[in-house]
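Quick look at final-v6.csv (CSV, C-alpha atoms and all ligand atoms):
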```csv
chain,number,residue,atom,x,y,z
A,1,MET,CA,-0.4,-1.0,-16.5
A,2,ASN,CA,-3.1,0.9,-14.9
A,3,GLY,CA,-5.1,-0.5,-12.0
A,4,HIS,CA,-4.6,-4.1,-13.1
A,5,LEU,CA,-2.6,-5.4,-10.2
A,6,GLU,CA,-4.0,-8.3,-8.4
A,7,ILE,CA,-3.4,-7.4,-4.8
A,8,LEU,CA,-4.5,-9.3,-1.7
A,9,PRO,CA,-6.4,-7.0,0.6
A,10,LEU,CA,-4.4,-6.0,3.7
A,11,LYS,CA,-6.9,-7.7,6.0
A,12,GLU,CA,-5.9,-11.0,4.5
A,13,TRP,CA,-2.1,-10.6,4.9
A,14,GLY,CA,-2.4,-12.2,8.3
A,15,LEU,CA,-0.2,-9.5,9.9
A,16,PHE,CA,-2.4,-6.8,11.2
A,17,THR,CA,-5.1,-7.7,13.7
A,18,GLU,CA,-5.9,-4.5,15.6
A,19,PRO,CA,-8.8,-2.4,14.4
A,20,GLY,CA,-7.9,1.0,13.0
A,21,PRO,CA,-4.8,1.9,10.9
A,22,CYS,CA,-2.3,-0.9,10.3
A,23,VAL,CA,0.8,0.0,12.2
A,24,LEU,CA,4.5,-1.0,11.9
A,25,ALA,CA,6.7,0.5,14.6
A,26,GLY,CA,10.2,0.0,15.9
A,27,PRO,CA,13.6,1.5,15.9
A,28,CYS,CA,15.4,2.8,12.8
A,29,SER,CA,18.1,0.2,13.5
A,30,ALA,CA,18.4,-2.9,15.6
A,31,GLU,CA,21.3,-2.0,17.8
A,32,THR,CA,21.6,-4.6,20.5
A,33,GLU,CA,19.5,-7.7,21.5
A,34,GLU,CA,18.4,-5.9,24.7
A,35,GLN,CA,17.4,-2.7,22.9
A,36,VAL,CA,15.4,-4.8,20.4
A,37,MET,CA,13.6,-6.9,23.0
A,38,ASP,CA,12.9,-3.9,25.3
A,39,THR,CA,11.5,-1.7,22.6
A,40,ALA,CA,9.4,-4.6,21.1
A,41,MET,CA,8.0,-5.5,24.5
A,42,GLN,CA,6.9,-1.9,25.1
A,43,LEU,CA,5.3,-1.7,21.6
A,44,LYS,CA,3.6,-5.0,22.2
A,45,SER,CA,2.0,-3.7,25.3
A,46,ILE,CA,0.4,-0.8,23.4
A,47,GLY,CA,-1.0,-3.1,20.8
A,48,VAL,CA,1.4,-2.9,17.9
A,49,ASP,CA,1.3,-6.0,15.7
A,50,VAL,CA,4.3,-5.5,13.5
A,51,PHE,CA,7.8,-4.6,14.8
A,52,ARG,CA,10.1,-2.9,12.3
A,53,ALA,CA,13.9,-2.7,12.7
A,54,GLY,CA,16.7,-2.0,10.2
A,55,ILE,CA,19.4,-4.7,10.1
A,56,TRP,CA,21.3,-3.4,7.1
A,57,LYS,CA,21.3,0.4,7.0
A,58,PRO,CA,21.9,2.3,3.8
A,59,ARG,CA,23.8,5.4,5.1
A,60,THR,CA,24.8,8.5,3.2
A,61,HIS,CA,28.3,8.5,4.6
A,62,PRO,CA,30.7,5.6,5.1
A,63,GLY,CA,31.6,5.1,8.7
A,64,SER,CA,28.1,5.8,10.0
A,65,PHE,CA,26.5,2.9,11.7
A,66,GLU,CA,25.6,0.5,8.9
A,67,GLY,CA,23.5,-2.0,10.9
A,68,VAL,CA,24.3,-5.1,12.8
A,69,GLY,CA,23.8,-7.4,9.8
A,70,THR,CA,22.5,-11.0,9.9
A,71,SER,CA,23.2,-11.5,13.6
A,72,GLY,CA,20.2,-9.2,14.3
A,73,LEU,CA,17.9,-11.6,12.6
A,74,SER,CA,18.0,-14.0,15.6
A,75,TRP,CA,16.9,-11.1,17.8
A,76,LEU,CA,13.8,-10.6,15.6
A,77,ARG,CA,13.1,-14.4,15.9
A,78,ARG,CA,12.9,-13.8,19.7
A,79,VAL,CA,10.4,-11.0,19.1
A,80,GLN,CA,8.2,-13.4,17.1
A,81,GLU,CA,8.5,-16.3,19.5
A,82,GLU,CA,8.5,-14.6,22.9
A,83,LEU,CA,6.2,-11.7,22.1
A,84,GLY,CA,4.0,-13.1,19.4
A,85,MET,CA,4.7,-10.1,17.2
A,86,LYS,CA,5.3,-10.0,13.4
A,87,THR,CA,8.6,-8.6,12.1
A,88,ALA,CA,9.6,-6.3,9.3
A,89,VAL,CA,13.1,-5.6,7.8
A,90,GLU,CA,14.5,-3.5,5.0
A,91,VAL,CA,16.1,-5.5,2.1
A,92,ALA,CA,18.3,-4.1,-0.6
A,93,CYS,CA,19.7,-7.1,-2.5
A,94,ARG,CA,19.4,-10.9,-3.0
A,95,GLU,CA,21.5,-11.8,0.0
A,96,HIS,CA,19.3,-9.8,2.3
A,97,VAL,CA,16.2,-11.4,0.9
A,98,GLU,CA,17.6,-14.9,1.3
A,99,ALA,CA,18.7,-14.3,4.9
A,100,CYS,CA,15.2,-12.9,5.8
A,101,LEU,CA,13.4,-15.8,4.1
A,102,GLU,CA,15.6,-18.2,6.0
A,103,ALA,CA,15.1,-16.4,9.3
A,104,GLY,CA,11.3,-16.2,8.8
A,105,VAL,CA,11.0,-12.4,8.8
A,106,ASP,CA,7.3,-11.7,8.1
A,107,LEU,CA,7.4,-8.6,6.0
A,108,LEU,CA,10.1,-7.0,3.9
A,109,TRP,CA,10.4,-3.4,2.7
A,110,ILE,CA,12.4,-1.9,0.0
A,111,GLY,CA,14.0,1.4,1.0
A,112,ALA,CA,14.0,4.7,-0.9
A,113,ARG,CA,17.6,4.3,-2.0
A,114,THR,CA,16.8,0.9,-3.5
A,115,THR,CA,13.5,1.6,-5.2
A,116,VAL,CA,15.3,4.1,-7.3
A,117,ASN,CA,17.4,1.3,-8.9
A,118,PRO,CA,15.5,-1.1,-11.2
A,119,PHE,CA,18.4,-3.6,-11.3
A,120,LEU,CA,18.3,-4.0,-7.5
A,121,VAL,CA,14.5,-4.1,-7.4
A,122,GLN,CA,14.5,-6.9,-10.1
A,123,GLU,CA,17.2,-8.8,-8.2
A,124,ILE,CA,14.9,-8.6,-5.1
A,125,ALA,CA,11.9,-9.6,-7.1
A,126,ASP,CA,13.7,-12.6,-8.5
A,127,ALA,CA,14.9,-13.7,-5.1
A,128,LEU,CA,11.3,-13.6,-3.8
A,129,GLU,CA,9.8,-15.5,-6.7
A,130,GLY,CA,7.8,-18.5,-5.5
A,131,SER,CA,7.3,-17.0,-1.9
A,132,ASP,CA,4.2,-15.3,-0.7
A,133,LYS,CA,6.1,-12.7,1.4
A,134,ALA,CA,4.5,-9.4,2.1
A,135,VAL,CA,6.6,-6.5,0.6
A,136,LEU,CA,6.2,-2.8,1.0
A,137,VAL,CA,7.9,-0.5,-1.5
A,138,LYS,CA,9.0,2.9,-0.3
A,139,ASN,CA,8.8,5.8,-2.8
A,140,PRO,CA,12.2,6.3,-4.6
A,141,LEU,CA,14.4,9.2,-3.7
A,142,ALA,CA,13.7,10.7,-7.1
A,143,GLN,CA,10.2,12.1,-7.5
A,144,ASP,CA,9.2,9.7,-10.2
A,145,LEU,CA,5.8,8.0,-9.9
A,146,GLU,CA,6.5,5.6,-12.8
A,147,LEU,CA,9.7,4.4,-11.1
A,148,TRP,CA,7.8,3.7,-7.9
A,149,ILE,CA,5.0,1.9,-9.9
A,150,GLY,CA,7.7,0.0,-11.9
A,151,ALA,CA,9.1,-1.5,-8.7
A,152,VAL,CA,5.6,-2.7,-7.6
A,153,GLU,CA,5.1,-4.2,-11.1
A,154,ARG,CA,8.4,-6.1,-10.8
A,155,LEU,CA,7.2,-7.7,-7.5
A,156,HIS,CA,3.8,-8.4,-9.0
A,157,GLU,CA,5.4,-10.1,-12.0
A,158,ALA,CA,7.4,-12.3,-9.6
A,159,GLY,CA,4.0,-13.6,-8.4
A,160,LEU,CA,3.8,-11.6,-5.1
A,161,ARG,CA,0.3,-10.5,-4.1
A,162,LYS,CA,0.9,-9.0,-0.7
A,163,ILE,CA,2.3,-5.8,-2.0
A,164,GLY,CA,1.9,-2.2,-0.7
A,165,VAL,CA,3.7,1.1,-0.8
A,166,ILE,CA,5.1,3.5,1.7
A,167,HIS,CA,5.2,7.3,1.2
A,168,ARG,CA,8.4,8.6,3.0
A,169,GLY,CA,8.6,11.9,1.3
A,170,PHE,CA,11.0,13.2,-1.4
A,171,PRO,CA,14.3,15.0,-0.8
A,172,SER,CA,14.0,18.6,-1.8
A,173,ALA,CA,16.6,21.3,-2.4
A,174,GLU,CA,14.2,23.9,-1.1
A,175,PRO,CA,14.6,24.9,2.6
A,176,ALA,CA,11.7,23.2,4.3
A,177,PRO,CA,10.9,22.2,7.8
A,178,TYR,CA,10.8,18.6,6.7
A,179,ARG,CA,13.7,16.3,5.9
A,180,ASN,CA,11.8,14.8,3.0
A,181,PRO,CA,8.8,16.9,2.2
A,182,PRO,CA,5.6,15.0,1.5
A,183,GLN,CA,4.2,15.0,-2.0
A,184,TRP,CA,0.6,14.3,-1.2
A,185,LYS,CA,-0.4,14.9,-4.9
A,186,THR,CA,1.9,12.1,-6.0
A,187,VAL,CA,0.3,9.6,-3.5
A,188,ILE,CA,-3.2,10.8,-4.4
A,189,GLU,CA,-2.3,10.0,-8.1
A,190,MET,CA,-1.0,6.6,-7.0
A,191,ARG,CA,-4.3,5.8,-5.2
A,192,ARG,CA,-6.3,7.0,-8.2
A,193,ARG,CA,-4.4,4.6,-10.5
A,194,TYR,CA,-4.2,1.7,-8.1
A,195,PRO,CA,-7.1,2.0,-5.7
A,196,ASP,CA,-6.5,-1.5,-4.2
A,197,LEU,CA,-2.8,-1.0,-3.5
A,198,PRO,CA,-2.4,-0.7,0.3
A,199,MET,CA,-0.7,2.7,1.2
A,200,PHE,CA,1.3,3.4,4.3
A,201,CYS,CA,2.8,6.7,5.4
A,202,ASP,CA,6.2,6.9,7.1
A,203,PRO,CA,6.0,10.2,8.9
A,204,SER,CA,9.4,9.7,10.6
A,205,HIS,CA,11.4,9.9,7.4
A,206,ILE,CA,9.2,12.7,6.0
A,207,ALA,CA,9.6,14.7,9.2
A,208,GLY,CA,13.2,14.1,10.2
A,209,CYS,CA,12.2,15.6,13.5
A,210,ARG,CA,9.9,14.0,16.1
A,211,ASP,CA,7.9,17.2,16.6
A,212,TYR,CA,6.1,16.9,13.3
A,213,ILE,CA,5.2,13.2,13.4
A,214,ALA,CA,1.8,13.4,15.0
A,215,ASP,CA,0.5,16.0,12.5
A,216,LEU,CA,1.9,14.2,9.5
A,217,SER,CA,0.3,11.0,10.7
A,218,GLN,CA,-3.1,12.8,11.0
A,219,ASN,CA,-2.6,14.2,7.5
A,220,ALA,CA,-2.1,10.6,6.3
A,221,MET,CA,-5.2,9.4,8.0
A,222,ASP,CA,-7.2,12.3,6.6
A,223,LEU,CA,-6.1,11.3,3.1
A,224,GLY,CA,-7.2,7.7,3.6
A,225,PHE,CA,-3.9,5.9,4.0
A,226,ASP,CA,-4.2,2.3,5.3
A,227,GLY,CA,-1.5,2.5,7.8
A,228,LEU,CA,1.7,4.0,9.3
A,229,MET,CA,5.3,3.0,9.7
A,230,VAL,CA,6.8,4.9,12.6
A,231,GLU,CA,10.3,4.8,14.1
A,232,VAL,CA,10.1,4.2,17.8
A,233,HIS,CA,13.1,3.6,20.1
A,234,ARG,CA,13.2,3.0,23.8
A,235,ASP,CA,15.6,5.9,24.2
A,236,PRO,CA,15.6,8.0,21.0
A,237,SER,CA,18.3,10.4,22.1
A,238,CYS,CA,20.8,7.5,22.3
A,239,ALA,CA,19.8,6.0,18.9
A,240,TRP,CA,22.6,4.9,16.7
A,241,SER,CA,20.8,6.3,13.6
A,242,ASP,CA,18.0,8.8,13.0
A,243,ALA,CA,18.0,9.9,16.7
A,244,GLY,CA,16.1,13.2,16.0
A,245,GLN,CA,13.1,11.6,14.4
A,246,GLN,CA,12.3,8.6,16.7
A,247,LEU,CA,9.6,8.6,19.3
A,248,THR,CA,9.6,7.0,22.7
A,249,PRO,CA,7.0,4.2,23.1
A,250,ALA,CA,5.0,6.5,25.4
A,251,ALA,CA,5.0,9.4,22.9
A,252,PHE,CA,3.9,7.0,20.2
A,253,GLN,CA,1.1,5.6,22.3
A,254,ASP,CA,-0.1,9.1,23.0
A,255,MET,CA,0.0,9.9,19.3
A,256,LEU,CA,-2.0,6.8,18.4
A,257,GLU,CA,-4.6,7.6,21.1
A,258,HIS,CA,-5.1,11.1,19.6
A,259,LEU,CA,-5.2,10.0,16.0
A,260,GLU,CA,-8.6,10.5,14.4
A,261,VAL,CA,-9.2,7.8,11.8
A,262,ARG,CA,-11.8,8.7,9.3
A,263,SER,CA,-13.4,5.8,7.6
A,264,VAL,CA,-13.4,5.9,3.8
A,265,ASP,CA,-16.7,3.9,3.6
A,266,THR,CA,-18.2,5.4,6.6
A,267,ASP,CA,-21.3,3.9,8.0
A,268,SER,CA,-22.5,7.2,9.3
A,269,ALA,CA,-25.3,8.2,7.0
A,270,ALA,CA,-25.1,11.8,8.0
A,271,LEU,CA,-21.4,12.0,7.3
A,272,LYS,CA,-21.8,10.1,4.1
A,273,ASP,CA,-24.5,12.7,3.0
A,274,ASP,CA,-22.2,15.6,3.9
A,275,ILE,CA,-19.3,14.2,2.0
A,276,HIS,CA,-21.6,13.4,-0.9
A,277,VAL,CA,-22.9,16.9,-1.1
A,278,LEU,CA,-19.5,18.5,-0.7
A,279,ARG,CA,-18.0,16.3,-3.4
A,280,ALA,CA,-20.8,17.3,-5.8
A,281,LYS,CA,-19.9,20.9,-5.0
A,282,ILE,CA,-16.2,20.3,-5.7
A,283,ASP,CA,-17.1,18.6,-9.0
A,284,ALA,CA,-19.2,21.6,-10.0
A,285,ILE,CA,-16.4,24.0,-9.1
A,286,ASP,CA,-13.9,21.9,-11.0
A,287,ASP,CA,-16.1,22.0,-14.1
A,288,GLU,CA,-16.3,25.8,-13.8
A,289,LEU,CA,-12.5,26.1,-13.4
A,290,LEU,CA,-12.1,24.0,-16.6
A,291,ARG,CA,-14.6,26.2,-18.5
A,292,LEU,CA,-12.7,29.4,-17.3
A,293,LEU,CA,-9.4,27.9,-18.3
A,294,GLN,CA,-10.7,27.1,-21.7
A,295,GLU,CA,-12.0,30.7,-22.1
A,296,ARG,CA,-8.6,32.1,-20.9
A,297,MET,CA,-6.7,30.0,-23.4
A,298,GLU,CA,-8.9,31.3,-26.2
A,299,VAL,CA,-8.1,34.9,-25.2
A,300,SER,CA,-4.5,34.0,-24.9
A,301,ALA,CA,-4.5,32.6,-28.5
A,302,ARG,CA,-6.1,35.8,-29.7
A,303,ILE,CA,-3.3,37.8,-28.1
A,304,GLY,CA,-0.9,35.4,-29.8
A,305,GLN,CA,-2.4,36.4,-33.1
A,306,CYS,CA,-2.0,40.1,-32.3
A,307,LYS,CA,1.6,39.5,-31.3
A,308,LYS,CA,2.2,37.7,-34.6
A,309,ALA,CA,0.6,40.6,-36.6
A,310,GLY,CA,2.6,43.2,-34.7
A,311,ASN,CA,5.8,41.2,-34.7
A,312,ILE,CA,6.1,41.4,-30.9
A,313,THR,CA,7.9,38.8,-28.8
A,314,ILE,CA,5.8,36.3,-26.9
A,315,LEU,CA,7.3,36.7,-23.5
A,316,GLN,CA,6.9,40.1,-22.0
A,317,THR,CA,8.5,39.7,-18.6
A,318,SER,CA,7.3,43.0,-17.1
A,319,ARG,CA,3.7,42.2,-18.0
A,320,TRP,CA,4.0,38.7,-16.5
A,321,ASP,CA,5.6,40.1,-13.3
A,322,GLU,CA,2.7,42.5,-13.0
A,323,VAL,CA,0.1,39.8,-13.4
A,324,LEU,CA,1.8,37.5,-11.0
A,325,SER,CA,2.2,40.1,-8.2
A,326,LYS,CA,-1.4,41.2,-8.6
A,327,MET,CA,-2.6,37.6,-8.3
A,328,VAL,CA,-0.4,36.9,-5.3
A,329,ALA,CA,-1.6,40.1,-3.6
A,330,ASP,CA,-5.3,39.5,-4.4
A,331,GLY,CA,-4.9,35.8,-3.5
A,332,LYS,CA,-3.4,36.7,-0.1
A,333,ALA,CA,-6.2,39.1,0.6
A,334,SER,CA,-8.6,36.2,0.0
A,335,GLY,CA,-6.6,34.0,2.4
A,336,LEU,CA,-5.1,31.9,-0.4
A,337,ASP,CA,-1.7,30.3,-0.1
A,338,GLU,CA,1.0,32.3,-2.0
A,339,LYS,CA,2.9,29.1,-3.1
A,340,MET,CA,-0.3,27.7,-4.5
A,341,ILE,CA,-1.1,30.9,-6.5
A,342,VAL,CA,2.5,31.0,-7.9
A,343,GLU,CA,2.3,27.4,-8.9
A,344,ILE,CA,-1.1,27.6,-10.5
A,345,PHE,CA,-0.5,30.8,-12.4
A,346,SER,CA,3.0,29.8,-13.5
A,347,ALA,CA,1.5,26.6,-15.0
A,348,ILE,CA,-1.2,28.6,-16.7
A,349,HIS,CA,1.3,31.1,-18.0
A,350,GLU,CA,3.5,28.4,-19.4
A,351,ALA,CA,0.6,26.8,-21.2
A,352,SER,CA,-0.3,30.2,-22.7
A,353,ILE,CA,3.2,30.7,-24.0
A,354,ARG,CA,3.0,27.2,-25.6
A,355,VAL,CA,-0.2,28.2,-27.4
A,356,GLN,CA,1.2,31.5,-28.6
A,357,ASN,CA,4.4,29.8,-29.6
A,358,LYS,CA,2.4,27.5,-31.8
A,359,ILE,CA,0.6,30.4,-33.4
A,360,ILE,CA,3.6,32.5,-34.1
A,361,SER,CA,5.8,29.6,-35.4
A,362,GLY,CA,2.8,28.4,-37.5
A,363,ARG,CA,3.5,24.8,-36.4
B,401,LIG,C1,14.3,3.3,7.3
B,401,LIG,O1,13.1,3.0,7.2
B,401,LIG,O2,15.0,3.3,8.3
B,401,LIG,C2,15.0,3.9,6.0
B,401,LIG,C3,16.3,3.8,5.8
B,401,LIG,O3,14.1,4.6,5.3
B,401,LIG,P1,14.2,5.2,3.8
B,401,LIG,O4,14.5,4.1,2.9
B,401,LIG,O5,12.8,5.8,3.7
B,401,LIG,O6,15.2,6.3,3.9
B,402,MN,MN,15.6,5.5,9.8
```
Represent the supplied structure as structure tokens.
Amino acid sequence: MNGHLEILPLKEWGLFTEPGPCVLAGPCSAETEEQVMDTAMQLKSIGVDVFRAGIWKPRTHPGSFEGVGTSGLSWLRRVQEELGMKTAVEVACREHVEACLEAGVDLLWIGARTTVNPFLVQEIADALEGSDKAVLVKNPLAQDLELWIGAVERLHEAGLRKIGVIHRGFPSAEPAPYRNPPQWKTVIEMRRRYPDLPMFCDPSHIAGCRDYIADLSQNAMDLGFDGLMVEVHRDPSCAWSDAGQQLTPAAFQDMLEHLEVRSVDTDSAALKDDIHVLRAKIDAIDDELLRLLQERMEVSARIGQCKKAGNITILQTSRWDEVLSKMVADGKASGLDEKMIVEIFSAIHEASIRVQNKIISGR
């Protein structure tokens, strides 16, 4: 399936009324009735439409706080009735869905540890069949775009039309400042394939630390995300889960006020022209890059023929080390990011080896 999902535009979901990015905010976990009501009231006063709170918490270690369970749903009912806000809860199985449907929760989301499991996603989709609930699907823990899309497809096949996705980053073994580094190229690919699928960013779970949340939110806006899901707690340092990554309502308000939202279909003729001109330039540069790559591959194939004739091995590590260090040094001198240079040239080198392999093996 590619771009053939029938998705109701976010504006028609009846959940987000404020202009600007669609925002879901609230604590990682609902802890007490008082904490829920106090945090929700403060978020309401800064214009947040949708209050998020985890009721069932998927925790890495047993014995961590695993959520208050169904009793918290009546607190969310109070948020709806007394504050006029919409509510959002994470669901991970049929029982959670049924409890949320009965309690009238407005939006459900599927967490990263659930999206990864097609059995559970199917169970959730089956439990939702016949309802018109709004559901957001977080990216799976595994960096697998197809698995993420598959979860969206399962909900779509169950008849849901208010479906969106949330980018919450992917766990990485590499030491990084972020808890779950963002994979912007994966979400750009998602947008390319499903341009009508609403896309949210969860900077809290990407960051794992409140200091990075504002910058990540700005990155998301710059990339044209439709909205944000942010963890906000009335007193983050005392939170029962994810204490380090939650913002106070005041810090969240400050962040929203400084967020620059760039319109995708801007009305500003001057800006449109600029973007138009710059995009044309990028297209031309990309064409040139492709042409150069083709030329490089042809040369590489000729080297393959020489290696075959001289009975030389394909991989000559010292030569490759030399090429790579030269590229990194030259790239650095031109202000280019070292990681990018290594990734690009490693990919090109691998492709060259494949071409030479073909020539030498004669297959
Ligand atoms: C959450 O939103 O609190 C949560 C558990 O998120 P994730 O599924 O992204 O880890
Ligand atoms: Mn959390």
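In this model, the gap between CA of Ser64 in chain A and CA of Ser29 in chain A comes to 12.0 Å.
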Next item on the list: Would you list the contacts of range 224-235 of chain A as a ChimeraX atom specification, taking every protein, DNA or RNA residue within 9 Å and counting all atoms listed in the file, but skipping same-chain residues closer than 5 positions in sequence?
Entry: /A:10,20-29,35-36,38-40,42-43,52-53,166,198-205,213,217,219,242-243,245-249,251-252,261-264
Just-selected residues, C-alpha atoms written as a PDB file, in the frame of the given file:
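Final output, saved to selection25.pdb:
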```
ATOM      1  CA  LEU A  10      -4.400  -6.000   3.700  1.00  0.00           C
ATOM      2  CA  GLY A  20      -7.900   1.000  13.000  1.00  0.00           C
ATOM      3  CA  PRO A  21      -4.800   1.900  10.900  1.00  0.00           C
ATOM      4  CA  CYS A  22      -2.300  -0.900  10.300  1.00  0.00           C
ATOM      5  CA  VAL A  23       0.800   0.000  12.200  1.00  0.00           C
ATOM      6  CA  LEU A  24       4.500  -1.000  11.900  1.00  0.00           C
ATOM      7  CA  ALA A  25       6.700   0.500  14.600  1.00  0.00           C
ATOM      8  CA  GLY A  26      10.200   0.000  15.900  1.00  0.00           C
ATOM      9  CA  PRO A  27      13.600   1.500  15.900  1.00  0.00           C
ATOM     10  CA  CYS A  28      15.400   2.800  12.800  1.00  0.00           C
ATOM     11  CA  SER A  29      18.100   0.200  13.500  1.00  0.00           C
ATOM     12  CA  GLN A  35      17.400  -2.700  22.900  1.00  0.00           C
ATOM     13  CA  VAL A  36      15.400  -4.800  20.400  1.00  0.00           C
ATOM     14  CA  ASP A  38      12.900  -3.900  25.300  1.00  0.00           C
ATOM     15  CA  THR A  39      11.500  -1.700  22.600  1.00  0.00           C
ATOM     16  CA  ALA A  40       9.400  -4.600  21.100  1.00  0.00           C
ATOM     17  CA  GLN A  42       6.900  -1.900  25.100  1.00  0.00           C
ATOM     18  CA  LEU A  43       5.300  -1.700  21.600  1.00  0.00           C
ATOM     19  CA  ARG A  52      10.100  -2.900  12.300  1.00  0.00           C
ATOM     20  CA  ALA A  53      13.900  -2.700  12.700  1.00  0.00           C
ATOM     21  CA  ILE A 166       5.100   3.500   1.700  1.00  0.00           C
ATOM     22  CA  PRO A 198      -2.400  -0.700   0.300  1.00  0.00           C
ATOM     23  CA  MET A 199      -0.700   2.700   1.200  1.00  0.00           C
ATOM     24  CA  PHE A 200       1.300   3.400   4.300  1.00  0.00           C
ATOM     25  CA  CYS A 201       2.800   6.700   5.400  1.00  0.00           C
ATOM     26  CA  ASP A 202       6.200   6.900   7.100  1.00  0.00           C
ATOM     27  CA  PRO A 203       6.000  10.200   8.900  1.00  0.00           C
ATOM     28  CA  SER A 204       9.400   9.700  10.600  1.00  0.00           C
ATOM     29  CA  HIS A 205      11.400   9.900   7.400  1.00  0.00           C
ATOM     30  CA  ILE A 213       5.200  13.200  13.400  1.00  0.00           C
ATOM     31  CA  SER A 217       0.300  11.000  10.700  1.00  0.00           C
ATOM     32  CA  ASN A 219      -2.600  14.200   7.500  1.00  0.00           C
ATOM     33  CA  ASP A 242      18.000   8.800  13.000  1.00  0.00           C
ATOM     34  CA  ALA A 243      18.000   9.900  16.700  1.00  0.00           C
ATOM     35  CA  GLN A 245      13.100  11.600  14.400  1.00  0.00           C
ATOM     36  CA  GLN A 246      12.300   8.600  16.700  1.00  0.00           C
ATOM     37  CA  LEU A 247       9.600   8.600  19.300  1.00  0.00           C
ATOM     38  CA  THR A 248       9.600   7.000  22.700  1.00  0.00           C
ATOM     39  CA  PRO A 249       7.000   4.200  23.100  1.00  0.00           C
ATOM     40  CA  ALA A 251       5.000   9.400  22.900  1.00  0.00           C
ATOM     41  CA  PHE A 252       3.900   7.000  20.200  1.00  0.00           C
ATOM     42  CA  VAL A 261      -9.200   7.800  11.800  1.00  0.00           C
ATOM     43  CA  ARG A 262     -11.800   8.700   9.300  1.00  0.00           C
ATOM     44  CA  SER A 263     -13.400   5.800   7.600  1.00  0.00           C
ATOM     45  CA  VAL A 264     -13.400   5.900   3.800  1.00  0.00           C
TER      46      VAL A 264
END
```
Notebook entry, point to check: Given the choices A:Met37, A:Leu155, A:Ala309, A:Met190, which gets closest to Glu6 in chain A if the distance is worked out from all atoms listed in the file?
Noted result: A:Leu155
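You can rank A:Gln316, A:Ser241, A:Gln294, A:Asn311 by their closest distance to ligand MN 402 (chain B) using all atoms listed in the file, and at the top of that list sits A:Ser241.
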Notebook entry, point to check: Taking only C-alpha atoms and all ligand atoms into account, which residues are within 6 Å of ligand LIG 401 (chain B), as a count of residues only?
Noted result: 7
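Distances to Leu108 in chain A were evaluated for A:Asp287, A:Asp215, A:Asp144, A:Glu90 using all atoms listed in the file, and the minimum falls at A:Glu90.
CA of Glu33 in chain A to CA of Leu73 in chain A spans 9.8 Å [interatomic distance, one decimal].
Minimum distance to Asn180 in chain A across A:Leu197, A:Gly63, A:Gly159, A:Ala142 (counting all atoms listed in the file) occurs at A:Ala142.
Atom pair CA of Asp286 in chain A / CA of Gln305 in chain A has a distance of 28.8 Å (rounded to one decimal).
Comparing A:Ser71, A:Thr115, A:Ser300, A:Thr186 by their smallest distance to Glu31 in chain A, the closest is A:Ser71 (using all atoms listed in the file).
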Once you count only C-alpha atoms, which residues end up no further than 10 Å from (11.9, -15.2, 6.6) in the file's frame, shown as an mmCIF file with C-alpha atoms, keeping the file's coordinate frame?
```cif
data_model
loop_
_atom_site.group_PDB
_atom_site.id
_atom_site.type_symbol
_atom_site.label_atom_id
_atom_site.label_comp_id
_atom_site.auth_asym_id
_atom_site.auth_seq_id
_atom_site.Cartn_x
_atom_site.Cartn_y
_atom_site.Cartn_z
ATOM 1 C CA LEU A 73 17.900 -11.600 12.600
ATOM 2 C CA ARG A 77 13.100 -14.400 15.900
ATOM 3 C CA THR A 87 8.600 -8.600 12.100
ATOM 4 C CA ALA A 88 9.600 -6.300 9.300
ATOM 5 C CA VAL A 89 13.100 -5.600 7.800
ATOM 6 C CA VAL A 97 16.200 -11.400 0.900
ATOM 7 C CA GLU A 98 17.600 -14.900 1.300
ATOM 8 C CA ALA A 99 18.700 -14.300 4.900
ATOM 9 C CA CYS A 100 15.200 -12.900 5.800
ATOM 10 C CA LEU A 101 13.400 -15.800 4.100
ATOM 11 C CA GLU A 102 15.600 -18.200 6.000
ATOM 12 C CA ALA A 103 15.100 -16.400 9.300
ATOM 13 C CA GLY A 104 11.300 -16.200 8.800
ATOM 14 C CA VAL A 105 11.000 -12.400 8.800
ATOM 15 C CA ASP A 106 7.300 -11.700 8.100
ATOM 16 C CA LEU A 107 7.400 -8.600 6.000
ATOM 17 C CA LEU A 108 10.100 -7.000 3.900
ATOM 18 C CA SER A 131 7.300 -17.000 -1.900
ATOM 19 C CA LYS A 133 6.100 -12.700 1.400
#
```
Could you pull the residues within 8 Å of Ile163 in chain A, counting all atoms listed in the file, minus those fewer than 2 positions along the same chain, as a PDB file with C-alpha atoms, in the frame of the given file?
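Result file part12.pdb:
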```pdb
ATOM      1  CA  ILE A   7      -3.400  -7.400  -4.800  1.00  0.00           C
ATOM      2  CA  LEU A   8      -4.500  -9.300  -1.700  1.00  0.00           C
ATOM      3  CA  ALA A 134       4.500  -9.400   2.100  1.00  0.00           C
ATOM      4  CA  VAL A 135       6.600  -6.500   0.600  1.00  0.00           C
ATOM      5  CA  LEU A 136       6.200  -2.800   1.000  1.00  0.00           C
ATOM      6  CA  VAL A 137       7.900  -0.500  -1.500  1.00  0.00           C
ATOM      7  CA  VAL A 152       5.600  -2.700  -7.600  1.00  0.00           C
ATOM      8  CA  LEU A 155       7.200  -7.700  -7.500  1.00  0.00           C
ATOM      9  CA  HIS A 156       3.800  -8.400  -9.000  1.00  0.00           C
ATOM     10  CA  LEU A 160       3.800 -11.600  -5.100  1.00  0.00           C
ATOM     11  CA  ARG A 161       0.300 -10.500  -4.100  1.00  0.00           C
ATOM     12  CA  VAL A 165       3.700   1.100  -0.800  1.00  0.00           C
ATOM     13  CA  LEU A 197      -2.800  -1.000  -3.500  1.00  0.00           C
ATOM     14  CA  PRO A 198      -2.400  -0.700   0.300  1.00  0.00           C
TER      15      PRO A 198
END
```
